[in-house]
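The block underneath contains the structure these notes are about, expressed in structure tokens.
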Amino acid sequence: MNFSYELDELIDLLVPKEVIGHTSFPISYIESLTKTKRGGISFLGNLKYRKDVSISQASVILLPMGLDLTPKENQCFLLFDNPSLALGKLCQDIEKKYCHRPSVGTHPKAIIDATVSIGQNVSIGPNVVIEANAIISDNVVIMAGCYIGHGVKIGNNSVLHPSVKVMDFCEIGSRVTLFSGVVIGSDGFGYETVDGIHEKIPQIGNVIIEDDVDVGANTTIDRARFSHTKIGKGTKIDNLVQIGHNVIIGNGCLITAQTGIAGSTIIGDYVVIGGQVGIAGHLNIPNGTMIAGKSSVASYKPKMGKILRGNPTMPINDANLFYVLRSKIPNLFDRVLKLEESLRELLPK
Amino acid sequence: MNFSYELDELIDLLVPKEVIGHTSFPISYIESLTKTKRGGISFLGNLKYRKDVSISQASVILLPMGLDLTPKENQCFLLFDNPSLALGKLCQDIEKKYCHRPSVGTHPKAIIDATVSIGQNVSIGPNVVIEANAIISDNVVIMAGCYIGHGVKIGNNSVLHPSVKVMDFCEIGSRVTLFSGVVIGSDGFGYETVDGIHEKIPQIGNVIIEDDVDVGANTTIDRARFSHTKIGKGTKIDNLVQIGHNVIIGNGCLITAQTGIAGSTIIGDYVVIGGQVGIAGHLNIPNGTMIAGKSSVASYKPKMGKILRGNPTMPINDANLFYVLRSKIPNLFDRVLKLEESLRELLPK
Amino acid sequence: MNFSYELDELIDLLVPKEVIGHTSFPISYIESLTKTKRGGISFLGNLKYRKDVSISQASVILLPMGLDLTPKENQCFLLFDNPSLALGKLCQDIEKKYCHRPSVGTHPKAIIDATVSIGQNVSIGPNVVIEANAIISDNVVIMAGCYIGHGVKIGNNSVLHPSVKVMDFCEIGSRVTLFSGVVIGSDGFGYETVDGIHEKIPQIGNVIIEDDVDVGANTTIDRARFSHTKIGKGTKIDNLVQIGHNVIIGNGCLITAQTGIAGSTIIGDYVVIGGQVGIAGHLNIPNGTMIAGKSSVASYKPKMGKILRGNPTMPINDANLFYVLRSKIPNLFDRVLKLEESLRELLPK
């Protein structure tokens, strides 16, 4: 993305507490202190990197107050209580000004059933297919190649990136973002084996995604056997996650990439799940639980506490202790052998 | 999905052994006992939840025979030998009557090479691309945005959900379902490193998927180096699974989400594999093996038996014992230390 | 794929050191020794399978020099220093002659912004969407249904399989292959939680994929928070891999299926990563490190060495020792108990 800020614009935007030095170079990229050269902006987010400031070639550096540092020639320091926050503000401004926004309207190559209801200011890209009786609310963006099934509802201001598939009768809330390749409402994995034949159990429920949810690229969320698979308000889901049928996820959860949650499990509010975690079916994980990456939750009991780790999971302290002791187990075998030898000597022959 | 059943219709459909009470409300959704309200139907699948029946507001409840329970006003109990089976019958009826079925015919926005052979009663959705010499048999459904490569064969009654990709020369059997985002026949991951360059080994085989196979959303099955990657009849594969090149999977297997099977491994018939399992390449897993979720099968020897668990896998009983003892290892260190101290006291100084 | 080679053609192509016997059957498939029948070619890649040669029905067998074996009637042996290399040569020839290559030109159903720059000999398939200011270099192939965002650059001779999505401002090098369903440049997973609301951190960087990289089906590579997520020259990535924002991967790495690398981690050159590995964020993995499949790298210290295994990872020898001892732990508990009992007898009562 090409952007450009003159020093004056930056000062107006970020309102630093203090300005030291000056640069004549417009700013066109952001990088870490040691990688930034002329025309770049950098920042000191962590004091342990403070000596990188003196070697940085950045034209502008965002710094915390109270450091005794002097800019080089044609270099400007902008001082803040919190330089990371100032950087965030800059990034937001860049996103607002320079990121492409799809234009409002329906692309002539979109294929939309006559019964579909479309709100105000909606953007529908090329090759989008929307089936009968879907309801698309105001300000929704549906990018190229998405598939919206029969009777699907999409709330205000939601954004569907290219090639998202939302299958029949699923409901997407407001301000939801579904990234590329997401599949919402594919059938749950349910079979009944009769005489060696795996007979499919009908999956006639749907998926309900509440407001302010994000779902990462190529993640899959299965429709319920009946009733609903549900993702609660404000929950954020990363890429390549699998959510099984009839799973209920609470509000404000964070679910990191490649995690899988098996059918009918209930996850409370503000649960934080690391990457590649596996959670078995029919469990009940309480509010505020944190699960370390790569853990596998085969069962859950309240006495396990709120922070879990391991395969299968243990309370985090037990897991950390086990991982320390694990490397001492060879030595423990030696110690036991030595004990046995000593004792043999002590025993009457 | 909107559906509606009057009580009379339900009784005609499900043929209960006994009817107790009556409701005037038509039934428009299915939910668990405690969540169901007026207009809903629920069921008692497990006797341990029997006291939920007395608090349920469901208008209709499917119950086993022999319980001494009385419906509330405007509530009806339908009694069966097996209420779960009755529920399944209802779900099947809902699916048949209310789920959308793509209409027969080729959408004008599909792009189909003139050499493609298309059977009777085929449904081809918008934006589908079918390359030269593909053969599409009777009653096949290919939904929006699918890509069917050169010379691909698809058997009778198979269904491809939106945006499935079947690459050149792959063969799909009859009554196969491929869910959204599935990729069949991408190149296997094979390189030969010569002077620091990873040179690609040609992957000129294909994928053969036999009859009655289901493949879940965003799953990937790679084409063989030469000859075939093969999925046997009646095997069901969940979402986000990876099947490497030249893998041969037998009949009737169940492979749960996010599992990966590395190249050239042979899986027997009726093997059941939990979620997030990893199986190394060039292994031979016999018929009927069961592998617990999150396990990693680095090698396989017949003495390991038929039920495996762990990372790497052990016989299930060994794994379960290890996971119990794991939490006692800190204490074992303490016990050994105490033994050493006691022994030190016993030994002559 | 249908191919056919007469014996004379094979001899001309592969130039064997010696020809023993003769076959009149043209060769139309490749299979392992025991599965090949009339019209098939097979090879002996590993001497331990030599007795399969005498039972093989293959019409042609590629063999190493120096074996004392006699072909059956209508069977021909071709002898080489390295029969595997000869097979590779045959596969390459089949690929060149018989694999379909998309024809040069832009399909009339592609949707390409007027500002897009397109090089010589480019092939653009149906339903491809290319947004404003993208640059497509010479000999690029973009197959059906791909989405190319604003300002994306794609280098010479790169191939994008069906339904690849490359989001705004990402840069793809030369001779890169992106397999079906790949998503390049989806937003990184970054939130700042303020008063219980997960506020999205703008992700305004991009992804840079250098020359000669392959990316497997349905793999996702996230754009940087700012600056770049980068995949180095010659690195090969398998299916369903997740690469987080601001990850930097060196040259010549091999990353196997379903691996996940969390944000801001730096991977050196020629790192080899097995399947289903998880690598935590903000780590620095040095050149030449090898990580066994299913491992989880929670931290990295140079003393851990170059070959890692385990969950969390240990030096490979420690991990292998631990996995051997793991099965002896139940017995260790027994031995400690026996020691305690013996000692109790020794101690004064």
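By convention here, the chains of the structure tokens are called A, B, ... in the order presented, each chain's residues are numbered starting at 1, and ligands are numbered starting at 1 in the order presented.
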Inset, instruction - With a distance cut-off of 7 Å and only C-alpha atoms, select the neighbouring residues of range 44-54 of chain C, excluding the residue or stretch itself and same-chain residues fewer than 4 positions from it, and output the selection as a list in words. - result: Leu33, Thr34, Leu62, Leu63, Pro83 and Ser84 of chain C
Store the residues of this selection in a file with C-alpha atoms, as an mmCIF file, in the first residue's frame.
```cif
data_model
loop_
_atom_site.group_PDB
_atom_site.id
_atom_site.type_symbol
_atom_site.label_atom_id
_atom_site.label_comp_id
_atom_site.auth_asym_id
_atom_site.auth_seq_id
_atom_site.Cartn_x
_atom_site.Cartn_y
_atom_site.Cartn_z
ATOM 1 C CA LEU C 33 5.809 -53.983 -8.869
ATOM 2 C CA THR C 34 3.107 -56.172 -7.374
ATOM 3 C CA LEU C 62 13.211 -50.363 -14.620
ATOM 4 C CA LEU C 63 15.992 -52.144 -12.712
ATOM 5 C CA PRO C 83 16.124 -46.631 -11.839
ATOM 6 C CA SER C 84 14.369 -43.991 -9.647
#
```
Pick out each residue of range 64-105 of chain C that DSSP on the backbone tags as helix (DSSP H, G or I); I need them as a PDB file with N, CA, C and O atoms, in the first residue's frame.
```
ATOM      1  N   PRO C  83      17.458 -46.501 -11.220  1.00  0.00           N
ATOM      2  CA  PRO C  83      16.124 -46.631 -11.839  1.00  0.00           C
ATOM      3  C   PRO C  83      15.129 -45.548 -11.370  1.00  0.00           C
ATOM      4  O   PRO C  83      14.235 -45.175 -12.128  1.00  0.00           O
ATOM      5  N   SER C  84      15.280 -45.043 -10.131  1.00  0.00           N
ATOM      6  CA  SER C  84      14.369 -43.991  -9.647  1.00  0.00           C
ATOM      7  C   SER C  84      14.515 -42.727 -10.485  1.00  0.00           C
ATOM      8  O   SER C  84      13.526 -42.053 -10.801  1.00  0.00           O
ATOM      9  N   LEU C  85      15.771 -42.425 -10.820  1.00  0.00           N
ATOM     10  CA  LEU C  85      16.029 -41.251 -11.658  1.00  0.00           C
ATOM     11  C   LEU C  85      15.396 -41.434 -13.041  1.00  0.00           C
ATOM     12  O   LEU C  85      14.829 -40.489 -13.613  1.00  0.00           O
ATOM     13  N   ALA C  86      15.484 -42.655 -13.555  1.00  0.00           N
ATOM     14  CA  ALA C  86      14.875 -42.939 -14.857  1.00  0.00           C
ATOM     15  C   ALA C  86      13.360 -42.770 -14.795  1.00  0.00           C
ATOM     16  O   ALA C  86      12.736 -42.188 -15.687  1.00  0.00           O
ATOM     17  N   LEU C  87      12.759 -43.261 -13.693  1.00  0.00           N
ATOM     18  CA  LEU C  87      11.318 -43.091 -13.517  1.00  0.00           C
ATOM     19  C   LEU C  87      10.953 -41.609 -13.475  1.00  0.00           C
ATOM     20  O   LEU C  87       9.965 -41.180 -14.075  1.00  0.00           O
ATOM     21  N   GLY C  88      11.763 -40.819 -12.743  1.00  0.00           N
ATOM     22  CA  GLY C  88      11.519 -39.378 -12.656  1.00  0.00           C
ATOM     23  C   GLY C  88      11.523 -38.732 -14.036  1.00  0.00           C
ATOM     24  O   GLY C  88      10.690 -37.874 -14.340  1.00  0.00           O
ATOM     25  N   LYS C  89      12.468 -39.178 -14.856  1.00  0.00           N
ATOM     26  CA  LYS C  89      12.568 -38.650 -16.219  1.00  0.00           C
ATOM     27  C   LYS C  89      11.310 -38.981 -17.019  1.00  0.00           C
ATOM     28  O   LYS C  89      10.780 -38.146 -17.755  1.00  0.00           O
ATOM     29  N   LEU C  90      10.815 -40.207 -16.854  1.00  0.00           N
ATOM     30  CA  LEU C  90       9.582 -40.606 -17.537  1.00  0.00           C
ATOM     31  C   LEU C  90       8.408 -39.741 -17.062  1.00  0.00           C
ATOM     32  O   LEU C  90       7.612 -39.250 -17.866  1.00  0.00           O
ATOM     33  N   CYS C  91       8.314 -39.556 -15.725  1.00  0.00           N
ATOM     34  CA  CYS C  91       7.198 -38.757 -15.187  1.00  0.00           C
ATOM     35  C   CYS C  91       7.244 -37.334 -15.738  1.00  0.00           C
ATOM     36  O   CYS C  91       6.208 -36.752 -16.075  1.00  0.00           O
ATOM     37  N   GLN C  92       8.447 -36.779 -15.804  1.00  0.00           N
ATOM     38  CA  GLN C  92       8.576 -35.424 -16.348  1.00  0.00           C
ATOM     39  C   GLN C  92       8.109 -35.365 -17.801  1.00  0.00           C
ATOM     40  O   GLN C  92       7.450 -34.424 -18.215  1.00  0.00           O
ATOM     41  N   ASP C  93       8.458 -36.388 -18.556  1.00  0.00           N
ATOM     42  CA  ASP C  93       8.042 -36.430 -19.952  1.00  0.00           C
ATOM     43  C   ASP C  93       6.520 -36.535 -20.071  1.00  0.00           C
ATOM     44  O   ASP C  93       5.899 -35.867 -20.897  1.00  0.00           O
ATOM     45  N   ILE C  94       5.926 -37.375 -19.200  1.00  0.00           N
ATOM     46  CA  ILE C  94       4.453 -37.515 -19.207  1.00  0.00           C
ATOM     47  C   ILE C  94       3.819 -36.175 -18.877  1.00  0.00           C
ATOM     48  O   ILE C  94       2.866 -35.732 -19.527  1.00  0.00           O
ATOM     49  N   GLU C  95       4.357 -35.525 -17.850  1.00  0.00           N
ATOM     50  CA  GLU C  95       3.810 -34.230 -17.443  1.00  0.00           C
ATOM     51  C   GLU C  95       3.870 -33.234 -18.605  1.00  0.00           C
ATOM     52  O   GLU C  95       2.909 -32.526 -18.883  1.00  0.00           O
ATOM     53  N   LYS C  96       5.029 -33.222 -19.277  1.00  0.00           N
ATOM     54  CA  LYS C  96       5.220 -32.268 -20.360  1.00  0.00           C
ATOM     55  C   LYS C  96       4.282 -32.550 -21.524  1.00  0.00           C
ATOM     56  O   LYS C  96       3.680 -31.650 -22.094  1.00  0.00           O
ATOM     57  N   LYS C  97       4.130 -33.835 -21.849  1.00  0.00           N
ATOM     58  CA  LYS C  97       3.356 -34.182 -23.043  1.00  0.00           C
ATOM     59  C   LYS C  97       1.858 -34.285 -22.799  1.00  0.00           C
ATOM     60  O   LYS C  97       1.062 -34.002 -23.683  1.00  0.00           O
ATOM     61  N   TYR C  98       1.465 -34.750 -21.586  1.00  0.00           N
ATOM     62  CA  TYR C  98       0.063 -35.136 -21.416  1.00  0.00           C
ATOM     63  C   TYR C  98      -0.724 -34.254 -20.445  1.00  0.00           C
ATOM     64  O   TYR C  98      -1.948 -34.294 -20.439  1.00  0.00           O
TER      65      TYR C  98
END
```
Legend entry - Atomic distance CA of Cys99 in chain C - CA of Ile142 in chain C, expressed in Å with one decimal: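 Between these atoms lies a distance of 16.4 Å.
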Legend entry - Residues within 8 Å of His282 in chain A, only C-alpha atoms, excluding chain neighbours under 3 positions, as a count of residues only: 5
Inset, instruction - Tell me which of C:Gly21, C:Pro202, C:Pro162, C:Gly66 sits closest to chain A, counting only C-alpha atoms. - result: C:Pro202
For the contact check between range 72-163 of chain C and range 111-128 of chain A, emit one row per residue of range 72-163 of chain C within 8 Å, containing the shortest atom pair and the distance in Å rounded to one decimal, counting only C-alpha atoms, chain then rising number order, as a Markdown table.
```
| residue | atom | partner | partner_atom | distance |
| --- | --- | --- | --- | --- |
| C:Ile111 | CA | A:Pro126 | CA | 7.8 |
| C:Asn127 | CA | A:Asn127 | CA | 7.0 |
| C:Val129 | CA | A:Pro126 | CA | 7.5 |
```
Inset, instruction - Please identify every residue of chain C that has at least one atom no more than 7 Å from any atom of chain B, counting only C-alpha atoms, and report them as JSON, numbers by chain. - result: {"C": [1, 30, 31, 91, 92, 95, 127, 179, 180, 217, 218, 234, 238, 294, 340]}
Please dump the current selection as an mmCIF file, in the first residue's frame; keep N, CA and C atoms.
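Below is the file selection15.cif, written as the result:
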```
data_model
loop_
_atom_site.group_PDB
_atom_site.id
_atom_site.type_symbol
_atom_site.label_atom_id
_atom_site.label_comp_id
_atom_site.auth_asym_id
_atom_site.auth_seq_id
_atom_site.Cartn_x
_atom_site.Cartn_y
_atom_site.Cartn_z
ATOM 1 N N MET C 1 -4.991 -39.526 -16.188
ATOM 2 C CA MET C 1 -4.331 -39.006 -17.382
ATOM 3 C C MET C 1 -3.989 -40.163 -18.312
ATOM 4 N N ILE C 30 1.782 -46.385 -14.650
ATOM 5 C CA ILE C 30 2.903 -46.700 -13.757
ATOM 6 C C ILE C 30 2.317 -47.214 -12.451
ATOM 7 N N GLU C 31 2.883 -48.271 -11.919
ATOM 8 C CA GLU C 31 2.405 -48.782 -10.631
ATOM 9 C C GLU C 31 3.549 -49.493 -9.902
ATOM 10 N N CYS C 91 8.314 -39.556 -15.725
ATOM 11 C CA CYS C 91 7.198 -38.757 -15.187
ATOM 12 C C CYS C 91 7.244 -37.334 -15.738
ATOM 13 N N GLN C 92 8.447 -36.779 -15.804
ATOM 14 C CA GLN C 92 8.576 -35.424 -16.348
ATOM 15 C C GLN C 92 8.109 -35.365 -17.801
ATOM 16 N N GLU C 95 4.357 -35.525 -17.850
ATOM 17 C CA GLU C 95 3.810 -34.230 -17.443
ATOM 18 C C GLU C 95 3.870 -33.234 -18.605
ATOM 19 N N ASN C 127 -14.022 -16.319 -14.901
ATOM 20 C CA ASN C 127 -14.444 -15.878 -13.560
ATOM 21 C C ASN C 127 -13.297 -15.345 -12.707
ATOM 22 N N PHE C 179 -1.499 -23.126 -4.948
ATOM 23 C CA PHE C 179 -2.507 -24.147 -5.256
ATOM 24 C C PHE C 179 -3.911 -23.695 -4.838
ATOM 25 N N SER C 180 -4.885 -24.477 -5.231
ATOM 26 C CA SER C 180 -6.299 -24.077 -5.074
ATOM 27 C C SER C 180 -6.645 -23.685 -3.641
ATOM 28 N N ALA C 217 -2.572 -26.265 -1.150
ATOM 29 C CA ALA C 217 -4.012 -25.995 -1.185
ATOM 30 C C ALA C 217 -4.560 -25.554 0.170
ATOM 31 N N ASN C 218 -5.389 -24.530 0.138
ATOM 32 C CA ASN C 218 -6.115 -24.013 1.309
ATOM 33 C C ASN C 218 -5.204 -23.493 2.422
ATOM 34 N N GLY C 234 12.493 -19.950 -2.835
ATOM 35 C CA GLY C 234 12.665 -21.405 -2.896
ATOM 36 C C GLY C 234 12.017 -22.183 -1.772
ATOM 37 N N ASP C 238 3.300 -26.729 2.256
ATOM 38 C CA ASP C 238 2.306 -27.771 1.966
ATOM 39 C C ASP C 238 0.873 -27.231 2.202
ATOM 40 N N LYS C 294 4.264 -32.796 14.456
ATOM 41 C CA LYS C 294 3.399 -32.729 15.645
ATOM 42 C C LYS C 294 4.090 -32.047 16.839
ATOM 43 N N GLU C 340 10.542 -48.333 48.897
ATOM 44 C CA GLU C 340 9.985 -47.781 50.143
ATOM 45 C C GLU C 340 9.659 -48.887 51.136
#
```
Inset, instruction - Could you jot down the CA of Cys253 in chain A to CA of Val272 in chain A separation for me, Å, one decimal place? - result: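 Interatomic distance, CA of Cys253 in chain A to CA of Val272 in chain A: 5.7 Å.
The spacing separating CA of Arg101 in chain B from CA of Ser137 in chain A amounts to 25.4 Å.
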Legend entry - All strand (DSSP E) positions in range 94-333 of chain A, as a ChimeraX atom specification: /A:105-106,111-112,117-118,123-124,129-130,135-136,141-142,147-148,153-154,159-160,165-166,171-172,177-178,183-186,191-194,197-200,206-209,214-215,220-222,228-231,236-237,242-243,248-249,254-255,260-261,266-267,272-273,278-279,284-285,290-291,296-297,307-310,313-315
Legend entry - Contacts of Glu171 in chain C within 7 Å, only C-alpha atoms, excl. fewer than 6 positions in-chain, as a ChimeraX atom specification: /C:152-154,207-209
Can you write out the residues you just picked, keeping N, CA and C atoms, as a CSV table (one decimal), in the first residue's frame?
```csv
chain,number,residue,atom,x,y,z
C,152,VAL,N,-1.9,-5.7,-6.6
C,152,VAL,CA,-1.1,-6.9,-6.4
C,152,VAL,C,-0.1,-7.0,-7.6
C,153,LYS,N,1.1,-7.6,-7.3
C,153,LYS,CA,2.1,-7.8,-8.3
C,153,LYS,C,2.3,-9.3,-8.4
C,154,ILE,N,2.4,-9.9,-9.6
C,154,ILE,CA,2.6,-11.3,-9.8
C,154,ILE,C,3.8,-11.4,-10.8
C,207,VAL,N,1.9,-9.1,2.2
C,207,VAL,CA,2.7,-10.4,2.1
C,207,VAL,C,3.6,-10.3,0.9
C,208,ILE,N,4.8,-10.6,1.1
C,208,ILE,CA,5.8,-10.7,0.0
C,208,ILE,C,6.2,-12.2,-0.1
C,209,ILE,N,5.9,-12.8,-1.3
C,209,ILE,CA,6.3,-14.2,-1.6
C,209,ILE,C,7.4,-14.1,-2.6
```
Inset, instruction - Find the residues around range 56-61 of chain B up to 8 Å (only C-alpha atoms counted), leave out those fewer than 2 positions away in its own chain, and share them as JSON, numbers by chain. - result: {"B": [23, 25, 27, 33, 34, 35, 36, 37, 38, 39, 40, 41, 42, 43, 44, 52, 53, 54, 63, 74, 75, 76, 77, 78]}
Selected residues, C-alpha atoms, written as a CSV table (one decimal), in the first residue's frame, please.
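Output contents, as saved in out.csv:
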```csv
chain,number,residue,atom,x,y,z
B,23,THR,CA,-51.5,-29.5,21.7
B,25,PHE,CA,-49.8,-25.4,18.5
B,27,ILE,CA,-44.5,-27.3,15.7
B,33,LEU,CA,-36.0,-30.1,26.7
B,34,THR,CA,-35.0,-27.1,28.8
B,35,LYS,CA,-34.8,-24.6,25.9
B,36,THR,CA,-38.0,-25.5,24.1
B,37,LYS,CA,-41.0,-23.3,24.4
B,38,ARG,CA,-44.5,-23.1,22.8
B,39,GLY,CA,-44.4,-24.3,19.3
B,40,GLY,CA,-41.3,-26.4,19.8
B,41,ILE,CA,-40.7,-30.2,19.9
B,42,SER,CA,-38.2,-31.9,22.1
B,43,PHE,CA,-37.2,-35.4,23.1
B,44,LEU,CA,-35.8,-37.5,26.0
B,52,ASP,CA,-36.1,-32.0,32.5
B,53,VAL,CA,-39.4,-33.3,31.0
B,54,SER,CA,-41.4,-31.9,33.9
B,63,LEU,CA,-40.6,-40.0,25.2
B,74,ASN,CA,-51.7,-27.8,25.8
B,75,GLN,CA,-48.7,-30.2,25.7
B,76,CYS,CA,-48.6,-33.6,24.1
B,77,PHE,CA,-46.3,-36.6,24.8
B,78,LEU,CA,-45.6,-39.1,22.0
```
